[in-house]
file model.txt (compact mmCIF, C-alpha atoms)
# COMPACT_ATOMS: atom_id res chain seq x y z
CA LEU G 21 0.01 -5.59 8.37
CA SER G 22 3.32 -7.32 7.74
CA TYR G 23 4.29 -7.37 11.43
CA ASP G 24 0.79 -8.41 12.53
CA PHE G 25 0.74 -11.39 10.22
CA THR G 26 4.33 -12.33 10.93
CA PHE G 27 3.12 -12.75 14.51
CA LEU G 28 0.16 -14.80 13.25
CA SER G 29 2.59 -17.10 11.43
CA ILE G 30 4.78 -17.49 14.52
CA VAL G 31 1.82 -18.42 16.73
CA ARG G 32 0.45 -20.99 14.29
CA LEU G 33 3.90 -22.43 13.55
CA ALA G 34 4.42 -22.76 17.30
CA LEU G 35 1.27 -24.86 17.65
CA GLN G 36 2.17 -27.37 14.93
CA GLU G 37 3.41 -30.81 15.94
CA GLN G 38 6.06 -30.73 13.22
CA CYS G 39 8.34 -27.77 12.71
CA GLY G 40 8.38 -26.19 9.27
CA LYS G 41 11.40 -26.47 6.98
CA PHE G 42 14.15 -23.98 7.84
CA GLU G 43 17.31 -23.42 5.82
CA LYS G 44 20.03 -20.82 5.46
CA GLY G 45 19.70 -18.40 2.61
CA ARG G 46 19.86 -14.78 1.50
CA CYS G 47 17.52 -12.37 3.21
CA CYS G 48 14.96 -11.09 0.67
CA VAL G 49 15.05 -7.62 2.29
CA ASN G 50 18.84 -7.49 2.61
CA PRO G 51 20.39 -9.92 0.08
CA ALA G 52 23.86 -9.20 1.43
CA LYS G 53 22.90 -10.92 4.68
CA LYS G 54 22.43 -14.64 5.19
CA CYS G 55 19.77 -15.82 7.63
CA LEU G 56 17.85 -18.89 8.74
CA LYS G 57 14.41 -18.79 7.17
CA CYS G 58 11.30 -20.94 6.94
CA THR G 59 10.96 -21.84 3.27
CA GLU G 60 8.16 -24.39 3.10
CA ASP G 61 5.10 -24.46 5.31
CA ALA G 62 1.35 -24.32 4.74
CA GLU G 63 0.99 -21.80 7.57
CA LEU G 64 3.18 -19.30 5.72
CA GLU G 65 1.01 -19.67 2.62
CA ARG G 66 -2.10 -19.31 4.79
CA SER G 67 -0.80 -16.13 6.44
CA ALA G 68 0.20 -14.65 3.07
CA ASP G 69 -3.33 -15.26 1.81
CA VAL G 70 -4.80 -13.63 4.92
CA VAL G 71 -2.69 -10.50 4.30
CA ILE G 72 -4.18 -10.20 0.82
CA ILE G 73 -7.76 -10.85 2.00
CA VAL G 74 -7.59 -8.24 4.78
CA SER G 75 -5.78 -5.72 2.54
CA TYR G 76 -8.47 -6.12 -0.14
CA TYR G 77 -11.35 -5.31 2.21
CA LYS G 78 -9.38 -2.46 3.75
CA LEU G 79 -8.94 -1.08 0.22
CA LEU G 80 -12.70 -1.23 -0.37
CA ASP G 81 -13.24 0.61 2.91
CA ASP G 82 -10.75 3.33 1.90
CA ILE G 83 -12.49 3.74 -1.47
CA ALA G 84 -15.82 4.19 0.31
CA ASP G 85 -14.68 6.53 3.09
CA GLY G 86 -11.32 8.06 2.09
CA GLY G 87 -10.56 11.51 0.75
CA PHE G 88 -10.37 12.27 -2.97
CA PHE G 89 -6.67 11.51 -3.49
CA LYS G 90 -6.78 8.42 -1.29
CA ARG G 91 -9.79 7.09 -3.20
CA LEU G 92 -8.02 7.80 -6.48
CA ALA G 93 -4.88 5.92 -5.40
CA CYS G 94 -6.95 3.00 -4.12
CA ARG G 95 -8.90 2.75 -7.38
CA LEU G 96 -5.63 2.54 -9.30
CA ILE G 97 -4.45 -0.30 -7.07
CA LYS G 98 -7.79 -2.15 -6.98
CA PRO G 99 -7.52 -4.17 -10.26
CA ALA G 100 -4.23 -5.79 -9.24
CA LEU G 101 -5.32 -6.38 -5.65
CA SER G 102 -8.67 -7.79 -6.79
CA LEU G 103 -6.84 -10.41 -8.85
CA MET G 104 -4.61 -11.28 -5.91
CA HIS G 105 -7.69 -11.47 -3.66
CA ARG G 106 -9.44 -13.95 -5.95
CA LYS G 107 -6.39 -16.18 -5.91
CA ALA G 108 -6.06 -15.94 -2.12
CA ALA G 109 -9.72 -16.40 -1.23
CA ILE G 110 -10.57 -19.05 -3.83
CA PRO G 111 -7.31 -20.66 -5.04
CA GLN G 112 -7.50 -22.08 -8.56
CA GLU G 113 -4.00 -23.51 -9.01
CA PHE G 114 -2.65 -25.04 -5.85
CA SER G 115 -0.59 -27.79 -4.34
CA ASP G 116 -2.15 -30.61 -2.33
CA ALA G 117 -1.59 -28.60 0.84
CA ARG G 118 -3.41 -25.57 -0.57
CA ARG G 119 -6.25 -27.79 -1.85
CA ILE G 120 -7.07 -28.60 1.78
CA LEU G 121 -7.13 -24.87 2.60
CA LYS G 122 -9.60 -23.92 -0.16
CA GLU G 123 -12.83 -24.25 1.82
CA GLU G 124 -11.26 -22.69 4.92
CA GLN G 125 -10.01 -19.70 2.92
CA GLU G 126 -13.47 -19.13 1.46
CA MET G 127 -14.97 -19.21 4.98
CA LEU G 128 -12.30 -16.81 6.25
CA ASP G 129 -12.93 -14.43 3.36
CA ARG G 130 -16.62 -14.31 4.30
CA ALA G 131 -15.72 -13.75 7.98
CA VAL G 132 -13.42 -10.81 7.15
CA ALA G 133 -16.00 -9.27 4.79
CA SER G 134 -18.70 -9.65 7.46
CA ALA G 135 -16.52 -8.02 10.13
CA MET G 136 -15.72 -5.06 7.88
CA LYS G 137 -19.42 -4.54 7.09
CA GLU G 138 -20.30 -4.79 10.77
CA GLN G 139 -17.59 -2.23 11.60
CA GLU G 140 -18.98 0.15 8.99
CA LYS G 141 -22.50 -0.23 10.39
CA ILE G 142 -21.33 0.40 13.96
CA GLU G 143 -19.36 3.50 12.97
CA LYS G 144 -22.36 4.92 11.12
CA SER G 145 -24.50 4.36 14.23
CA GLY G 146 -22.09 6.54 16.23
CA THR G 147 -22.19 4.25 19.26
CA ALA G 148 -20.26 5.37 22.34
CA SER G 149 -19.80 1.78 23.53
CA LEU G 150 -16.14 0.69 23.39
CA ASP G 151 -17.21 -2.96 23.63
CA GLU G 152 -19.53 -2.66 20.65
CA ALA G 153 -17.06 -0.64 18.59
CA ALA G 154 -14.17 -3.07 19.19
CA ASP G 155 -16.24 -6.22 18.63
CA PRO G 156 -15.82 -6.57 14.82
CA SER G 157 -12.03 -6.23 15.04
CA GLY G 158 -11.99 -8.85 17.76
CA LYS G 159 -14.16 -11.23 15.74
CA MET G 160 -12.02 -10.78 12.64
CA LEU G 161 -8.76 -11.64 14.39
CA ALA G 162 -10.51 -14.46 16.27
CA ALA G 163 -11.53 -16.01 12.95
CA ILE G 164 -8.05 -15.50 11.49
CA PHE G 165 -6.17 -17.08 14.42
CA SER G 166 -8.56 -20.02 14.89
CA GLN G 167 -8.96 -20.87 11.21
CA GLY G 168 -8.46 -24.59 10.55
CA TYR G 169 -8.47 -25.63 14.21
CA TYR G 170 -11.18 -27.60 16.02
CA GLY G 171 -12.34 -28.37 19.53
CA GLU G 172 -10.54 -26.86 22.51
CA ASP G 173 -7.67 -25.54 20.37
CA LYS G 174 -10.12 -23.51 18.29
CA ILE G 175 -11.82 -22.12 21.43
CA GLN G 176 -8.51 -21.02 22.94
CA LEU G 177 -7.24 -19.48 19.68
CA TRP G 178 -10.56 -17.73 19.11
CA ARG G 179 -10.37 -16.12 22.57
CA PHE G 180 -6.73 -15.10 22.11
CA GLY G 181 -7.42 -13.60 18.67
CA TYR G 182 -10.54 -11.81 19.88
CA LEU G 183 -8.78 -10.15 22.80
CA LEU G 184 -5.79 -9.17 20.66
CA GLY G 185 -8.10 -7.65 18.03
CA ARG G 186 -9.99 -5.74 20.71
CA TRP G 187 -6.74 -4.38 22.17
CA ILE G 188 -5.48 -3.26 18.74
CA TYR G 189 -8.76 -1.43 18.08
CA LEU G 190 -8.68 0.33 21.45
CA LEU G 191 -5.04 1.33 20.98
CA ASP G 192 -5.79 2.77 17.54
CA ALA G 193 -8.74 4.72 18.99
CA VAL G 194 -6.49 6.21 21.68
CA ASP G 195 -3.76 7.05 19.18
CA ASP G 196 -6.16 8.65 16.68
CA ILE G 197 -8.37 10.63 19.08
CA GLU G 198 -6.91 14.09 18.31
CA LYS G 199 -6.99 13.48 14.57
CA ASP G 200 -10.57 12.18 14.70
CA ILE G 201 -11.73 15.16 16.75
CA LYS G 202 -10.28 17.55 14.14
CA SER G 203 -11.63 15.64 11.13
CA GLY G 204 -14.99 14.72 12.64
CA SER G 205 -14.31 11.03 12.03
CA TYR G 206 -15.90 8.38 14.22
CA ASN G 207 -14.11 7.40 17.41
CA PRO G 208 -15.99 5.85 20.37
CA LEU G 209 -13.81 7.80 22.81
CA LYS G 210 -15.23 11.10 21.53
CA ALA G 211 -18.46 10.54 23.49
CA LYS G 212 -16.53 11.01 26.75
CA PHE G 213 -13.74 13.23 25.38
CA PRO G 214 -15.41 15.37 22.67
CA ASP G 215 -12.80 18.10 22.19
CA ALA G 216 -9.13 18.96 22.63
CA ASN G 217 -9.76 20.56 26.04
CA SER G 218 -11.10 17.28 27.40
CA LEU G 219 -7.78 15.61 26.55
CA SER G 220 -5.61 18.17 28.33
CA GLY G 221 -5.56 16.61 31.81
CA ASP G 222 -4.69 13.18 33.16
CA GLU G 223 -8.27 11.89 32.99
CA PHE G 224 -8.03 10.77 29.37
CA ARG G 225 -4.71 8.97 29.83
CA LYS G 226 -5.97 7.26 33.00
CA PHE G 227 -9.21 6.22 31.31
CA ALA G 228 -7.38 4.85 28.27
CA LYS G 229 -4.69 3.08 30.30
CA GLU G 230 -7.20 1.27 32.50
CA ARG G 231 -9.02 -0.17 29.51
CA LEU G 232 -5.88 -1.03 27.59
CA ASP G 233 -4.32 -2.69 30.65
CA LEU G 234 -7.44 -4.79 31.27
CA THR G 235 -7.57 -6.09 27.70
CA ALA G 236 -3.79 -6.60 27.52
CA GLY G 237 -3.93 -8.56 30.78
CA GLU G 238 -6.73 -10.77 29.47
CA THR G 239 -4.77 -11.33 26.25
CA ALA G 240 -1.74 -12.42 28.27
CA ASN G 241 -3.97 -14.73 30.34
CA ALA G 242 -5.25 -16.33 27.15
CA LEU G 243 -1.71 -17.54 26.41
CA GLY G 244 -2.13 -20.01 29.25
CA GLY G 245 -4.65 -21.98 27.23
CA LEU G 246 -2.30 -22.41 24.25
CA LYS G 247 0.20 -25.28 24.16
CA PHE G 248 3.20 -24.15 22.14
CA ASN G 249 5.70 -26.68 20.80
CA ARG G 250 8.28 -23.98 20.02
CA PHE G 251 8.75 -20.18 20.06
CA GLY G 252 6.86 -19.91 23.39
CA ASP G 253 9.30 -17.44 24.94
CA ILE G 254 9.23 -15.24 21.84
CA ILE G 255 5.43 -15.16 21.77
CA GLU G 256 5.18 -14.40 25.49
CA ASN G 257 7.70 -11.58 25.12
CA ILE G 258 5.72 -10.05 22.24
CA VAL G 259 2.41 -10.24 24.10
CA CYS G 260 3.50 -9.45 27.64
CA ASP G 261 6.23 -6.87 26.96
CA GLY G 262 5.63 -5.74 23.38
CA MET G 263 2.00 -4.78 23.98
CA LEU G 264 2.97 -2.82 27.08
CA SER G 265 5.73 -1.02 25.20
CA SER G 266 3.38 -0.06 22.36
CA GLN G 267 0.66 1.36 24.58
CA THR G 268 3.17 3.14 26.83
CA GLU G 269 4.69 4.88 23.81
CA ILE G 270 1.29 6.07 22.63
CA LEU G 271 0.12 7.16 26.08
CA LYS G 272 3.30 9.20 26.55
CA LYS G 273 2.37 11.24 23.49
CA LYS G 274 -0.90 12.31 25.08
CA GLN G 275 -1.18 15.54 27.00
CA GLY G 276 -0.73 15.24 30.72
CA GLY G 277 2.48 13.23 30.38
CA ALA G 278 3.04 9.73 31.66
CA LYS G 279 4.50 8.36 34.82
CA ASN G 280 6.50 5.18 34.95
CA GLU G 281 4.47 2.54 33.11
CA GLU G 282 7.26 -0.02 32.80
CA GLU G 283 5.52 -2.96 34.40
CA SER G 284 5.11 -6.07 32.31
CA VAL G 285 1.60 -7.18 31.44
CA LEU G 286 2.62 -10.43 33.14
CA GLY G 287 2.08 -8.59 36.41
CA ALA G 288 -1.49 -7.79 35.42
CA ARG G 289 -2.45 -11.25 34.21
CA SER G 290 -4.22 -12.42 37.36
CA ALA G 291 -5.77 -9.04 38.13
CA GLY G 292 -7.01 -8.58 34.58
CA HIS G 293 -8.53 -12.06 34.51
CA GLY G 294 -10.47 -11.49 37.67
CA GLU G 295 -12.22 -8.28 36.60

call {"tool": "encode", "arguments": {"input": "model.txt", "output": "structure tokens"}}
result
Amino acid sequence: LSYDFTFLSIVRLALQEQCGKFEKGRCCVNPAKKCLKCTEDAELERSADVVIIVSYYKLLDDIADGGFFKRLACRLIKPALSLMHRKAAIPQEFSDARRILKEEQEMLDRAVASAMKEQEKIEKSGTASLDEAADPSGKMLAAIFSQGYYGEDKIQLWRFGYLLGRWIYLLDAVDDIEKDIKSGSYNPLKAKFPDANSLSGDEFRKFAKERLDLTAGETANALGGLKFNRFGDIIENIVCDGMLSSQTEILKKKQGGAKNEEESVLGARSAGHGE
């Protein structure tokens, strides 16, 4: 989650008219190293709250569906995380900047809770539809990225967040397919590839790559609707090259091997948009 929401912070900081306050200081991870860091910005506080909100509902999901030891560990953590969740979702003591965020945070908390419930319902239905299975994840990230924006900006951020959430769900499904087959856990890909033998050839990798490439290409296309004031090259590199690198690494682990996949998603932007 930390990397995902660091990216969220970068995107939203990039869209602001005014740059947040940066200053040199000790790195909190490596105090021996000095670095330039953003120390004061409402977007950082917002992203930190989102981490807590999402983590809280993920914890509830693990308590409901996890194994004995996982449920036990989650129940031990729950009291502390519940307190943090209440502060993040409905702030009680806050600065003027956080006062403005109060209503938005409450709305976001409801959106995340709704998406998690919808995901649970879909998984219990056992649907084989990738679109249906990935929809809640897309909606959740769409709400997170577009929170606090209005008009055309909100539309563009909603689309970007939705496509990114869909891609993340599909990539996780591809990565977890063997484990889910063994455990009997839900995975929409199991309808077409129900056992280990069905994964042994190139068909699975080809099927997965086509769907990942399409969604990654659409996600890259969605960048065109966002007007960044800074960090644009960094964001484009993460989306267009980082996504490709992640899915290539996972596809290479699958049986059947992998040929040269090193083509930036930038090359698929037009093709993906047209399908």

call {"tool": "atom_distance", "arguments": {"input": "model.txt", "atom1": "atom CA of Ala148 of chain G", "atom2": "atom CA of Leu232 of chain G"}}
result
16.6 Å

call {"tool": "atom_distance", "arguments": {"input": "model.txt", "atom1": "atom CA of Met127 of chain G", "atom2": "atom CA of Ala154 of chain G"}}
result
21.5 Å

call {"tool": "atom_distance", "arguments": {"input": "model.txt", "atom1": "atom CA of Val74 of chain G", "atom2": "atom CA of Lys273 of chain G"}}
result
28.8 Å

call {"tool": "residues_around", "arguments": {"input": "model.txt", "residues": "Ser266 of chain G", "least_positions_apart": "5", "cutoff": "9 Å", "atoms": "only C-alpha atoms", "output": "JSON list (two decimals) with C-alpha atoms, in the frame of the given file"}}
result
[["chain", "number", "residue", "atom", "x", "y", "z"],
["G", 191, "LEU", "CA", -5.04, 1.33, 20.98],
["G", 261, "ASP", "CA", 6.23, -6.87, 26.96],
["G", 271, "LEU", "CA", 0.12, 7.16, 26.08]]

call {"tool": "closest_residue", "arguments": {"input": "model.txt", "among": "G:Lys247, G:Lys199, G:Arg66, G:Arg91", "to": "Gln176 of chain G", "atoms": "only C-alpha atoms"}}
result
G:Lys247

call {"tool": "residues_around", "arguments": {"input": "model.txt", "residues": "Gln167 of chain G", "least_positions_apart": "5", "cutoff": "8 Å", "atoms": "all atoms listed in the file", "output": "PyMOL selection string"}}
result
chain G and resi 124+128+174

call {"tool": "write_last_selection", "arguments": {"input": "model.txt", "atoms": "C-alpha atoms", "output": "PDB file, in the frame of the given file"}}
result
ATOM      1  CA  GLU G 124     -11.260 -22.690   4.920  1.00  0.00           C
ATOM      2  CA  LEU G 128     -12.300 -16.810   6.250  1.00  0.00           C
ATOM      3  CA  LYS G 174     -10.120 -23.510  18.290  1.00  0.00           C
TER       4      LYS G 174
END

call {"tool": "closest_atom_pairs", "arguments": {"input": "model.txt", "of": "segment 103-191 of chain G", "to": "segment 220-230 of chain G", "cutoff": "12 Å", "atoms": "only C-alpha atoms", "output": "JSON lines"}}
result
{"residue": "G:Leu150", "atom": "CA", "partner": "G:Ala228", "partner_atom": "CA", "distance": 10.9}
{"residue": "G:Trp187", "atom": "CA", "partner": "G:Ala228", "partner_atom": "CA", "distance": 11.1}
{"residue": "G:Leu190", "atom": "CA", "partner": "G:Ala228", "partner_atom": "CA", "distance": 8.3}
{"residue": "G:Leu191", "atom": "CA", "partner": "G:Ala228", "partner_atom": "CA", "distance": 8.4}

call {"tool": "closest_residue", "arguments": {"input": "model.txt", "among": "G:Glu140, G:Ile270, G:Lys159, G:Glu43", "to": "Cys55 of chain G", "atoms": "only C-alpha atoms"}}
result
G:Glu43

call {"tool": "residues_near_point", "arguments": {"input": "model.txt", "point": "(-10.6, 13.9, 3.3)", "cutoff": "12 Å", "atoms": "all atoms listed in the file", "output": "NGL selection string"}}
result
:G and (82-92 or 199-200 or 202-205)

call {"tool": "residues_around", "arguments": {"input": "model.txt", "residues": "Ala193 of chain G", "least_positions_apart": "6", "cutoff": "9 Å", "atoms": "only C-alpha atoms", "output": "MDAnalysis selection string"}}
result
chainID G and resid 200 207:209

call {"tool": "closest_residue", "arguments": {"input": "model.txt", "among": "G:Gly45, G:Gly244, G:Pro99, G:Gly158", "to": "Arg186 of chain G", "atoms": "only C-alpha atoms"}}
result
G:Gly158

call {"tool": "residues_around", "arguments": {"input": "model.txt", "residues": "Leu246 of chain G", "least_positions_apart": "6", "cutoff": "12 Å", "atoms": "only C-alpha atoms", "output": "list in words"}}
result
Val31, Arg32, Ala34, Leu35, Gln36, Phe165, Ser166, Glu172, Asp173, Lys174, Ile175, Gln176, Leu177, Trp178, Arg179, Phe180, Gly181, Thr239, Ala240, Gly252, Ile255 and Glu256 of chain G

call {"tool": "write_last_selection", "arguments": {"input": "model.txt", "atoms": "C-alpha atoms", "output": "compact mmCIF listing (two decimals), in the frame of the given file"}}
result
# COMPACT_ATOMS: atom_id res chain seq x y z
CA VAL G 31 1.82 -18.42 16.73
CA ARG G 32 0.45 -20.99 14.29
CA ALA G 34 4.42 -22.76 17.30
CA LEU G 35 1.27 -24.86 17.65
CA GLN G 36 2.17 -27.37 14.93
CA PHE G 165 -6.17 -17.08 14.42
CA SER G 166 -8.56 -20.02 14.89
CA GLU G 172 -10.54 -26.86 22.51
CA ASP G 173 -7.67 -25.54 20.37
CA LYS G 174 -10.12 -23.51 18.29
CA ILE G 175 -11.82 -22.12 21.43
CA GLN G 176 -8.51 -21.02 22.94
CA LEU G 177 -7.24 -19.48 19.68
CA TRP G 178 -10.56 -17.73 19.11
CA ARG G 179 -10.37 -16.12 22.57
CA PHE G 180 -6.73 -15.10 22.11
CA GLY G 181 -7.42 -13.60 18.67
CA THR G 239 -4.77 -11.33 26.25
CA ALA G 240 -1.74 -12.42 28.27
CA GLY G 252 6.86 -19.91 23.39
CA ILE G 255 5.43 -15.16 21.77
CA GLU G 256 5.18 -14.40 25.49

call {"tool": "residues_around", "arguments": {"input": "model.txt", "residues": "Glu152 of chain G", "least_positions_apart": "6", "cutoff": "10 Å", "atoms": "all atoms listed in the file", "output": "PyMOL selection string"}}
result
chain G and resi 139+142-143+208

call {"tool": "closest_residue", "arguments": {"input": "model.txt", "among": "G:Arg250, G:Asp196, G:Leu184, G:Glu269", "to": "Ala236 of chain G", "atoms": "only C-alpha atoms"}}
result
G:Leu184

call {"tool": "closest_residue", "arguments": {"input": "model.txt", "among": "G:Val132, G:Asp69, G:Glu126, G:Ala216", "to": "Leu101 of chain G", "atoms": "only C-alpha atoms"}}
result
G:Asp69

call {"tool": "closest_residue", "arguments": {"input": "model.txt", "among": "G:Tyr77, G:Tyr182, G:Tyr170, G:Tyr189", "to": "Ser134 of chain G", "atoms": "only C-alpha atoms"}}
result
G:Tyr77
